[in-house]
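Text of run32.txt (compact mmCIF, C-alpha atoms and all ligand atoms) as supplied:
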# COMPACT_ATOMS: atom_id res chain seq x y z
CA MET A 1 -42.63 50.63 -48.27
CA LYS A 2 -40.30 53.11 -46.67
CA LYS A 3 -36.85 53.78 -45.36
CA GLY A 4 -33.88 51.50 -45.77
CA LEU A 5 -31.84 50.92 -42.63
CA ASN A 6 -28.61 49.60 -44.05
CA ASN A 7 -26.03 50.89 -46.46
CA SER A 8 -25.47 47.70 -48.37
CA ALA A 9 -28.25 47.28 -50.94
CA ALA A 10 -28.22 43.47 -50.61
CA ASP A 11 -28.75 43.70 -46.88
CA GLU A 12 -31.17 46.55 -46.83
CA ILE A 13 -34.08 46.25 -44.47
CA ILE A 14 -37.09 47.85 -46.07
CA VAL A 15 -39.57 48.63 -43.33
CA PRO A 16 -43.15 47.90 -44.40
CA ARG A 17 -45.83 50.34 -43.32
CA SER A 18 -48.14 47.58 -42.19
CA VAL A 19 -47.44 44.01 -41.08
CA ALA A 20 -49.69 41.08 -40.16
CA VAL A 21 -48.50 37.87 -38.52
CA ILE A 22 -49.94 34.37 -38.26
CA MET A 23 -48.04 33.13 -35.22
CA ASP A 24 -48.11 29.39 -35.85
CA GLY A 25 -46.22 26.43 -34.42
CA ASN A 26 -46.33 26.96 -30.66
CA GLY A 27 -47.63 23.42 -30.18
CA ARG A 28 -45.01 21.90 -32.50
CA TRP A 29 -42.26 23.85 -30.77
CA ALA A 30 -43.38 22.47 -27.39
CA LYS A 31 -43.71 18.91 -28.67
CA LYS A 32 -40.24 19.00 -30.15
CA ALA A 33 -38.81 20.32 -26.90
CA GLY A 34 -40.69 17.65 -24.90
CA PHE A 35 -43.00 20.14 -23.16
CA GLU A 36 -46.78 20.50 -22.85
CA ARG A 37 -48.38 22.63 -25.59
CA ILE A 38 -48.97 25.49 -23.19
CA ARG A 39 -45.22 25.98 -22.73
CA GLY A 40 -45.11 26.76 -26.45
CA HIS A 41 -47.73 29.47 -26.00
CA GLU A 42 -45.80 30.83 -23.01
CA ARG A 43 -42.67 31.10 -25.10
CA GLY A 44 -44.83 32.57 -27.85
CA ILE A 45 -45.46 35.58 -25.60
CA ASP A 46 -41.71 36.32 -25.50
CA ALA A 47 -41.69 36.27 -29.30
CA VAL A 48 -44.70 38.63 -29.33
CA ARG A 49 -42.81 41.10 -27.10
CA THR A 50 -39.74 40.95 -29.37
CA THR A 51 -41.74 41.48 -32.56
CA VAL A 52 -43.84 44.30 -31.10
CA THR A 53 -40.84 46.24 -29.76
CA GLU A 54 -38.73 45.72 -32.87
CA CYS A 55 -41.53 46.70 -35.26
CA ALA A 56 -42.20 49.81 -33.17
CA ARG A 57 -38.47 50.67 -33.11
CA LEU A 58 -38.15 50.26 -36.87
CA GLY A 59 -41.15 52.53 -37.52
CA VAL A 60 -43.81 50.03 -38.64
CA GLU A 61 -47.13 51.90 -38.47
CA ALA A 62 -49.46 48.97 -37.95
CA LEU A 63 -49.02 45.40 -36.73
CA VAL A 64 -51.82 42.83 -36.53
CA LEU A 65 -51.15 39.61 -34.61
CA TYR A 66 -53.42 36.57 -34.98
CA ALA A 67 -53.67 35.53 -31.34
CA PHE A 68 -56.92 33.53 -31.26
CA SER A 69 -59.13 32.67 -34.21
CA GLU A 70 -62.87 31.99 -34.24
CA GLU A 71 -61.93 28.41 -35.14
CA ASN A 72 -59.66 28.17 -32.05
CA TRP A 73 -62.81 28.02 -29.88
CA ALA A 74 -62.99 24.35 -30.94
CA ARG A 75 -59.74 23.55 -29.09
CA PRO A 76 -59.84 21.64 -25.77
CA LYS A 77 -61.30 23.80 -22.99
CA ARG A 78 -58.12 23.48 -20.94
CA GLU A 79 -55.97 24.91 -23.73
CA ILE A 80 -58.45 27.75 -24.32
CA ASN A 81 -58.39 28.63 -20.63
CA MET A 82 -54.60 28.59 -20.55
CA LEU A 83 -54.40 30.75 -23.68
CA PHE A 84 -56.70 33.37 -22.18
CA LYS A 85 -54.79 33.26 -18.91
CA LEU A 86 -51.65 34.09 -20.89
CA LEU A 87 -53.45 36.76 -22.85
CA LYS A 88 -54.66 38.41 -19.64
CA ARG A 89 -51.16 38.26 -18.22
CA PHE A 90 -49.82 39.84 -21.42
CA LEU A 91 -52.40 42.65 -21.23
CA LEU A 92 -51.33 43.44 -17.66
CA ASP A 93 -47.60 42.81 -17.75
CA GLU A 94 -46.88 44.43 -21.11
CA ARG A 95 -48.57 47.76 -20.44
CA GLY A 96 -45.14 49.23 -19.66
CA THR A 97 -43.74 47.85 -22.92
CA LEU A 98 -46.63 49.37 -24.89
CA MET A 99 -46.30 52.75 -23.18
CA ASP A 100 -42.48 52.84 -23.42
CA ASN A 101 -42.72 52.12 -27.15
CA ASN A 102 -45.59 54.57 -27.78
CA VAL A 103 -47.78 51.71 -29.05
CA ARG A 104 -51.56 52.05 -29.31
CA LEU A 105 -53.45 48.81 -28.67
CA LEU A 106 -56.55 47.81 -30.64
CA HIS A 107 -58.70 44.70 -30.89
CA SER A 108 -59.80 43.01 -34.11
CA GLY A 109 -62.52 40.42 -33.64
CA ARG A 110 -65.84 39.62 -32.04
CA ARG A 111 -66.44 40.53 -28.42
CA ALA A 112 -69.47 38.26 -27.83
CA ARG A 113 -67.63 35.13 -26.67
CA LEU A 114 -64.90 36.87 -24.70
CA ALA A 115 -65.18 36.55 -20.91
CA PRO A 116 -65.91 39.75 -18.93
CA ASP A 117 -62.49 39.73 -17.24
CA VAL A 118 -60.73 39.45 -20.64
CA LEU A 119 -62.83 42.29 -22.05
CA GLU A 120 -62.14 44.42 -18.99
CA LEU A 121 -58.35 44.05 -19.28
CA LEU A 122 -58.50 44.51 -23.04
CA ASP A 123 -60.60 47.67 -22.78
CA GLU A 124 -58.45 49.08 -19.97
CA THR A 125 -55.25 48.56 -21.97
CA ILE A 126 -56.86 49.99 -25.10
CA ALA A 127 -57.93 53.09 -23.10
CA LEU A 128 -54.52 53.43 -21.43
CA THR A 129 -52.72 53.46 -24.78
CA ALA A 130 -55.36 55.40 -26.73
CA SER A 131 -53.33 58.58 -27.04
CA ASN A 132 -50.09 56.85 -28.04
CA ASP A 133 -49.36 58.00 -31.57
CA GLY A 134 -46.68 55.49 -32.58
CA MET A 135 -47.36 52.02 -33.93
CA GLN A 136 -50.91 50.64 -33.83
CA LEU A 137 -50.93 47.05 -32.56
CA SER A 138 -54.12 45.13 -33.11
CA LEU A 139 -54.58 41.79 -31.41
CA ALA A 140 -56.86 39.56 -33.45
CA ILE A 141 -58.74 37.67 -30.75
CA SER A 142 -61.89 35.68 -31.49
CA TYR A 143 -61.18 36.78 -35.04
CA GLY A 144 -62.19 35.29 -38.35
CA GLY A 145 -61.87 36.91 -41.77
CA ARG A 146 -65.19 35.57 -43.03
CA GLN A 147 -66.89 36.55 -39.79
CA GLU A 148 -65.44 40.06 -40.16
CA LEU A 149 -67.00 40.30 -43.63
CA VAL A 150 -70.32 39.00 -42.30
CA ASP A 151 -70.26 41.62 -39.53
CA ALA A 152 -69.28 44.38 -41.98
CA THR A 153 -72.10 43.34 -44.34
CA GLN A 154 -74.61 43.48 -41.48
CA LYS A 155 -73.39 46.98 -40.51
CA LEU A 156 -73.83 48.18 -44.09
CA ALA A 157 -77.24 46.50 -44.44
CA LYS A 158 -78.42 48.30 -41.29
CA ARG A 159 -77.30 51.63 -42.73
CA VAL A 160 -79.15 50.84 -45.96
CA GLN A 161 -82.25 49.87 -43.97
CA ALA A 162 -82.05 53.14 -42.00
CA GLY A 163 -81.93 55.08 -45.26
CA GLU A 164 -78.40 56.39 -44.58
CA LEU A 165 -76.76 54.56 -47.47
CA ALA A 166 -77.91 53.75 -51.00
CA PRO A 167 -77.07 50.14 -52.07
CA GLU A 168 -75.30 51.43 -55.18
CA ALA A 169 -73.15 53.71 -52.99
CA ILE A 170 -71.51 50.67 -51.38
CA ASP A 171 -67.95 50.60 -52.62
CA GLU A 172 -64.54 49.31 -51.49
CA GLN A 173 -64.12 52.27 -49.15
CA SER A 174 -67.44 51.70 -47.38
CA ILE A 175 -66.60 48.02 -46.91
CA HIS A 176 -63.17 48.98 -45.54
CA ASP A 177 -64.82 51.47 -43.18
CA ALA A 178 -67.14 48.75 -41.84
CA LEU A 179 -64.27 46.41 -40.90
CA TYR A 180 -63.30 45.96 -37.23
CA GLN A 181 -60.41 48.44 -37.33
CA PRO A 182 -60.70 50.80 -40.29
CA SER A 183 -57.76 52.88 -39.04
CA LEU A 184 -55.38 50.06 -40.00
CA PRO A 185 -53.81 50.15 -43.45
CA ASP A 186 -53.90 46.89 -45.43
CA PRO A 187 -50.84 44.75 -44.60
CA ASP A 188 -47.89 45.22 -46.95
CA VAL A 189 -46.57 41.90 -45.75
CA LEU A 190 -48.21 38.87 -44.17
CA ILE A 191 -45.75 36.75 -42.20
CA ARG A 192 -46.56 33.18 -41.26
CA THR A 193 -44.35 30.90 -39.16
CA ALA A 194 -44.11 27.09 -39.01
CA GLY A 195 -44.12 26.57 -42.74
CA GLU A 196 -47.81 26.26 -43.56
CA MET A 197 -48.85 27.90 -46.85
CA ARG A 198 -52.32 28.98 -45.76
CA ILE A 199 -54.20 32.18 -44.99
CA SER A 200 -56.32 30.43 -42.30
CA ASN A 201 -59.22 32.91 -42.41
CA PHE A 202 -56.99 35.88 -41.50
CA LEU A 203 -57.73 39.38 -42.82
CA LEU A 204 -59.35 38.04 -46.00
CA TRP A 205 -60.34 41.46 -47.33
CA GLN A 206 -57.13 43.21 -46.30
CA VAL A 207 -54.52 40.79 -47.71
CA SER A 208 -55.56 41.18 -51.37
CA TYR A 209 -52.17 42.61 -52.31
CA SER A 210 -50.05 41.67 -49.30
CA GLU A 211 -46.71 40.02 -49.92
CA ILE A 212 -46.80 36.61 -48.23
CA TYR A 213 -43.70 35.51 -46.35
CA VAL A 214 -43.60 32.01 -44.84
CA HIS A 215 -40.78 30.93 -42.54
CA ASP A 216 -40.28 27.33 -41.41
CA ILE A 217 -39.34 28.30 -37.90
CA CYS A 218 -41.96 27.88 -35.14
CA TRP A 219 -43.30 31.09 -33.60
CA PRO A 220 -41.45 30.84 -30.23
CA ASP A 221 -38.15 30.88 -32.16
CA PHE A 222 -39.09 33.84 -34.36
CA GLY A 223 -36.83 36.66 -33.17
CA LYS A 224 -35.32 39.91 -34.39
CA ASP A 225 -33.07 38.20 -36.96
CA GLN A 226 -36.02 36.41 -38.54
CA LEU A 227 -38.06 39.63 -38.58
CA HIS A 228 -35.21 41.45 -40.32
CA GLU A 229 -34.92 38.57 -42.79
CA ALA A 230 -38.64 38.89 -43.57
CA PHE A 231 -38.29 42.63 -44.16
CA ARG A 232 -35.24 42.11 -46.39
CA ASP A 233 -37.20 39.59 -48.42
CA TYR A 234 -40.10 42.05 -48.63
CA GLY A 235 -37.69 44.69 -49.89
CA ARG A 236 -36.77 42.42 -52.80
CA ARG A 237 -40.37 41.93 -53.95
CA GLU A 238 -41.66 43.72 -56.98
CA ARG A 239 -45.14 44.93 -56.10
CA LYS A 240 -47.28 45.38 -59.17
CA PHE A 241 -50.81 45.60 -57.75
CA GLY A 242 -52.08 43.96 -60.95
CA LYS A 243 -50.42 46.51 -63.21
CA VAL A 244 -47.61 46.16 -65.74
CA LEU A 245 -44.51 47.94 -64.45
C1 LIG A 301 -50.55 28.77 -33.03
O1 LIG A 301 -49.83 27.71 -32.51
C2 LIG A 301 -50.72 29.79 -32.04
C3 LIG A 301 -51.92 30.10 -31.47
C4 LIG A 301 -53.18 29.43 -31.76
C5 LIG A 301 -52.02 31.15 -30.46
C6 LIG A 301 -51.02 32.24 -30.55
C7 LIG A 301 -50.83 32.74 -29.19
C8 LIG A 301 -49.70 33.24 -28.68
C9 LIG A 301 -48.47 33.46 -29.43
C10 LIG A 301 -49.66 33.61 -27.25
C11 LIG A 301 -50.64 34.65 -26.84
C12 LIG A 301 -50.64 35.84 -27.72
C13 LIG A 301 -50.64 37.12 -27.34
C14 LIG A 301 -50.73 38.19 -28.34
C15 LIG A 301 -50.52 37.54 -25.94
P1 LIG A 301 -50.51 26.27 -32.53
O2 LIG A 301 -50.98 25.99 -31.15
O3 LIG A 301 -51.55 26.21 -33.58
O4 LIG A 301 -49.27 25.40 -32.90
P2 LIG A 301 -49.27 24.01 -33.70
O5 LIG A 301 -49.91 24.27 -35.04
O6 LIG A 301 -47.83 23.68 -33.79
O7 LIG A 301 -50.05 23.05 -32.85
Could you take the file, read its structure, and then write that structure out as structure tokens?
Amino acid sequence: MKKGLNNSAADEIIVPRSVAVIMDGNGRWAKKAGFERIRGHERGIDAVRTTVTECARLGVEALVLYAFSEENWARPKREINMLFKLLKRFLLDERGTLMDNNVRLLHSGRRARLAPDVLELLDETIALTASNDGMQLSLAISYGGRQELVDATQKLAKRVQAGELAPEAIDEQSIHDALYQPSLPDPDVLIRTAGEMRISNFLLWQVSYSEIYVHDICWPDFGKDQLHEAFRDYGRRERKFGKVL
């Protein structure tokens, strides 16, 4: 937790060091507005841009956005194709936004099922922004928390097999280091939109002590005001990390 941005204590925005977001409710937003689901995802991109630029402006160090889960592969093929079309457009069109805001892009997730053209755009944008030293933005794409732990366990098992690591030397730090993006600090706050009280297989290891903030609003309507509200709420939490204060 760091700087406060307002004078009035009641209204103070406490900027978390690290934020993770489950961007839920695009489909519900579209249904309510009488549109096809994909229009909700399209509007979701605008909300992504707002949250990325505002977090970067406020000085958040790391932001992880749950863009496509391992479980999302079970959605209708048409929706998957449209989502990746949008993702590719985002990776091309928002390069200026990332560079202007000194944001470094990362990917959290499995690469195996991603199409070559998605990987190419992802890798290009990651390379383009690699020397930006402001906020780290990781897009969780083809991501699952359990799958991340499976992959981390396999990495560690291989090191044990190669004689580089003793089984009893495996500790929390070595597990952290085997995750997809070890440079990311654990989220201080996990934001979820559209009211659902679930973790949905997101960052299972990393959210152990995250403050969970659920807003009823659907993701396309989540703007600066709602982000500030989340940070104000975070600022009012008493974080004990299991200890007695
Ligand atoms: C949840 O809404 C949202 C998703 C599964 C995808 C999130 C994707 C975006 C915001 C756009 C692309 C992202 C980036 C980073 C470019 P839902 O479809 O589950 O909504 P519902 O629960 O109301 O049906």
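For stretch 187-197 of chain A, the list of residues within 7 Å, based on all atoms listed in the file and with local chain neighbours fewer than 3 positions off taken out, reads Pro16, Arg17, Ser18, Val19, Ala20, Val21, Ile22, Met23, Asp24, Gly25, Gln206, Val207, Ser210, Glu211, Ile212, Tyr213, Val214, His215, Asp216, Ile217, Cys218 and Trp219 of chain A.
Distances to ligand LIG 301 (chain A) were evaluated for A:Ala230, A:Leu92, A:Val103, A:Leu87 using all atoms listed in the file, and the minimum falls at A:Leu87.
Nearest residue to A:Leu105 among A:Ser208, A:Gln181, A:Gln173, A:Gln161 is A:Gln181, counting all atoms listed in the file.
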Check: Which chains and residue numbers are within 10 Å of ligand LIG 301 (chain A), counting all atoms listed in the file, if I want them as a PyMOL selection string?
Finding: chain A and resi 22-32+37-49+52+64-69+71-73+75+79-80+82-91+94+137-141+193-196+218-220
Same residues, C-alpha atoms, saved as a CSV table (one decimal), in the frame of the given file:
chain,number,residue,atom,x,y,z
A,22,ILE,CA,-49.9,34.4,-38.3
A,23,MET,CA,-48.0,33.1,-35.2
A,24,ASP,CA,-48.1,29.4,-35.8
A,25,GLY,CA,-46.2,26.4,-34.4
A,26,ASN,CA,-46.3,27.0,-30.7
A,27,GLY,CA,-47.6,23.4,-30.2
A,28,ARG,CA,-45.0,21.9,-32.5
A,29,TRP,CA,-42.3,23.8,-30.8
A,30,ALA,CA,-43.4,22.5,-27.4
A,31,LYS,CA,-43.7,18.9,-28.7
A,32,LYS,CA,-40.2,19.0,-30.2
A,37,ARG,CA,-48.4,22.6,-25.6
A,38,ILE,CA,-49.0,25.5,-23.2
A,39,ARG,CA,-45.2,26.0,-22.7
A,40,GLY,CA,-45.1,26.8,-26.4
A,41,HIS,CA,-47.7,29.5,-26.0
A,42,GLU,CA,-45.8,30.8,-23.0
A,43,ARG,CA,-42.7,31.1,-25.1
A,44,GLY,CA,-44.8,32.6,-27.8
A,45,ILE,CA,-45.5,35.6,-25.6
A,46,ASP,CA,-41.7,36.3,-25.5
A,47,ALA,CA,-41.7,36.3,-29.3
A,48,VAL,CA,-44.7,38.6,-29.3
A,49,ARG,CA,-42.8,41.1,-27.1
A,52,VAL,CA,-43.8,44.3,-31.1
A,64,VAL,CA,-51.8,42.8,-36.5
A,65,LEU,CA,-51.2,39.6,-34.6
A,66,TYR,CA,-53.4,36.6,-35.0
A,67,ALA,CA,-53.7,35.5,-31.3
A,68,PHE,CA,-56.9,33.5,-31.3
A,69,SER,CA,-59.1,32.7,-34.2
A,71,GLU,CA,-61.9,28.4,-35.1
A,72,ASN,CA,-59.7,28.2,-32.0
A,73,TRP,CA,-62.8,28.0,-29.9
A,75,ARG,CA,-59.7,23.6,-29.1
A,79,GLU,CA,-56.0,24.9,-23.7
A,80,ILE,CA,-58.4,27.8,-24.3
A,82,MET,CA,-54.6,28.6,-20.6
A,83,LEU,CA,-54.4,30.8,-23.7
A,84,PHE,CA,-56.7,33.4,-22.2
A,85,LYS,CA,-54.8,33.3,-18.9
A,86,LEU,CA,-51.6,34.1,-20.9
A,87,LEU,CA,-53.4,36.8,-22.8
A,88,LYS,CA,-54.7,38.4,-19.6
A,89,ARG,CA,-51.2,38.3,-18.2
A,90,PHE,CA,-49.8,39.8,-21.4
A,91,LEU,CA,-52.4,42.6,-21.2
A,94,GLU,CA,-46.9,44.4,-21.1
A,137,LEU,CA,-50.9,47.0,-32.6
A,138,SER,CA,-54.1,45.1,-33.1
A,139,LEU,CA,-54.6,41.8,-31.4
A,140,ALA,CA,-56.9,39.6,-33.4
A,141,ILE,CA,-58.7,37.7,-30.8
A,193,THR,CA,-44.4,30.9,-39.2
A,194,ALA,CA,-44.1,27.1,-39.0
A,195,GLY,CA,-44.1,26.6,-42.7
A,196,GLU,CA,-47.8,26.3,-43.6
A,218,CYS,CA,-42.0,27.9,-35.1
A,219,TRP,CA,-43.3,31.1,-33.6
A,220,PRO,CA,-41.4,30.8,-30.2
Notebook entry, point to check: Please, what distance in Å, to one decimal, runs between atom CA of A:Ser131 and atom CA of A:Thr53?
Noted result: 17.8 Å
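Between atom CA of A:Ile14 and atom CA of A:Arg232 lies a distance of 6.0 Å.
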Note to self: What's the separation between atom CA of A:Thr129 and atom CA of A:Thr51, in Å to one decimal place?
What the structure shows: 18.0 Å
Checklist line | Residue with smallest distance to A:Ile199 - pool A:His176, A:Lys243, A:Arg146, A:Arg159, counting only C-alpha atoms | finding: A:Arg146
Kindly compute an axis-aligned box around the listed atoms of stretch 147-153 of chain A, allowing 3 Å on each side, and express its centre and edge lengths in Å to one decimal as lines of an AutoDock Vina configuration file.
center_x = -68.8
center_y = 40.5
center_z = -41.9
size_x = 12.7
size_y = 13.8
size_z = 10.8
Selection near A:His228, 10 Å with only C-alpha atoms, sequence-local residues under 2 positions removed, as a PDB file with C-alpha atoms, in the frame of the given file:
ATOM      1  CA  ASP A  11     -28.750  43.700 -46.880  1.00  0.00           C
ATOM      2  CA  GLU A  12     -31.170  46.550 -46.830  1.00  0.00           C
ATOM      3  CA  ILE A  13     -34.080  46.250 -44.470  1.00  0.00           C
ATOM      4  CA  ILE A  14     -37.090  47.850 -46.070  1.00  0.00           C
ATOM      5  CA  VAL A  15     -39.570  48.630 -43.330  1.00  0.00           C
ATOM      6  CA  GLU A  54     -38.730  45.720 -32.870  1.00  0.00           C
ATOM      7  CA  CYS A  55     -41.530  46.700 -35.260  1.00  0.00           C
ATOM      8  CA  LEU A  58     -38.150  50.260 -36.870  1.00  0.00           C
ATOM      9  CA  GLY A 223     -36.830  36.660 -33.170  1.00  0.00           C
ATOM     10  CA  LYS A 224     -35.320  39.910 -34.390  1.00  0.00           C
ATOM     11  CA  ASP A 225     -33.070  38.200 -36.960  1.00  0.00           C
ATOM     12  CA  GLN A 226     -36.020  36.410 -38.540  1.00  0.00           C
ATOM     13  CA  ALA A 230     -38.640  38.890 -43.570  1.00  0.00           C
ATOM     14  CA  PHE A 231     -38.290  42.630 -44.160  1.00  0.00           C
ATOM     15  CA  ARG A 232     -35.240  42.110 -46.390  1.00  0.00           C
ATOM     16  CA  ASP A 233     -37.200  39.590 -48.420  1.00  0.00           C
ATOM     17  CA  TYR A 234     -40.100  42.050 -48.630  1.00  0.00           C
TER      18      TYR A 234
END
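With all atoms listed in the file as the atoms that count, the minimum distance from A:Val150 to the choices A:Gly34, A:Gly96, A:Gly109, A:Pro76 is reached by A:Gly109.
If all atoms listed in the file are the atoms counted, then among A:Ala162, A:Ala62, A:Ala157, A:Ala74 the closest residue to A:Ser174 is A:Ala157.
Of the residues listed (A:Ala130, A:Leu114, A:Ala178, A:Leu119), A:Ala130 shows the shortest atom-to-atom separation from A:Met99; distances use all atoms listed in the file.
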Note to self: Need to verify the contact set: A:Leu149, 10 Å, all atoms listed in the file, exclusion of same-chain residues closer than 3 positions in sequence. Can you return it as a PyMOL selection string?
What the structure shows: chain A and resi 144-146+152-155+175-176+178-180+203-205
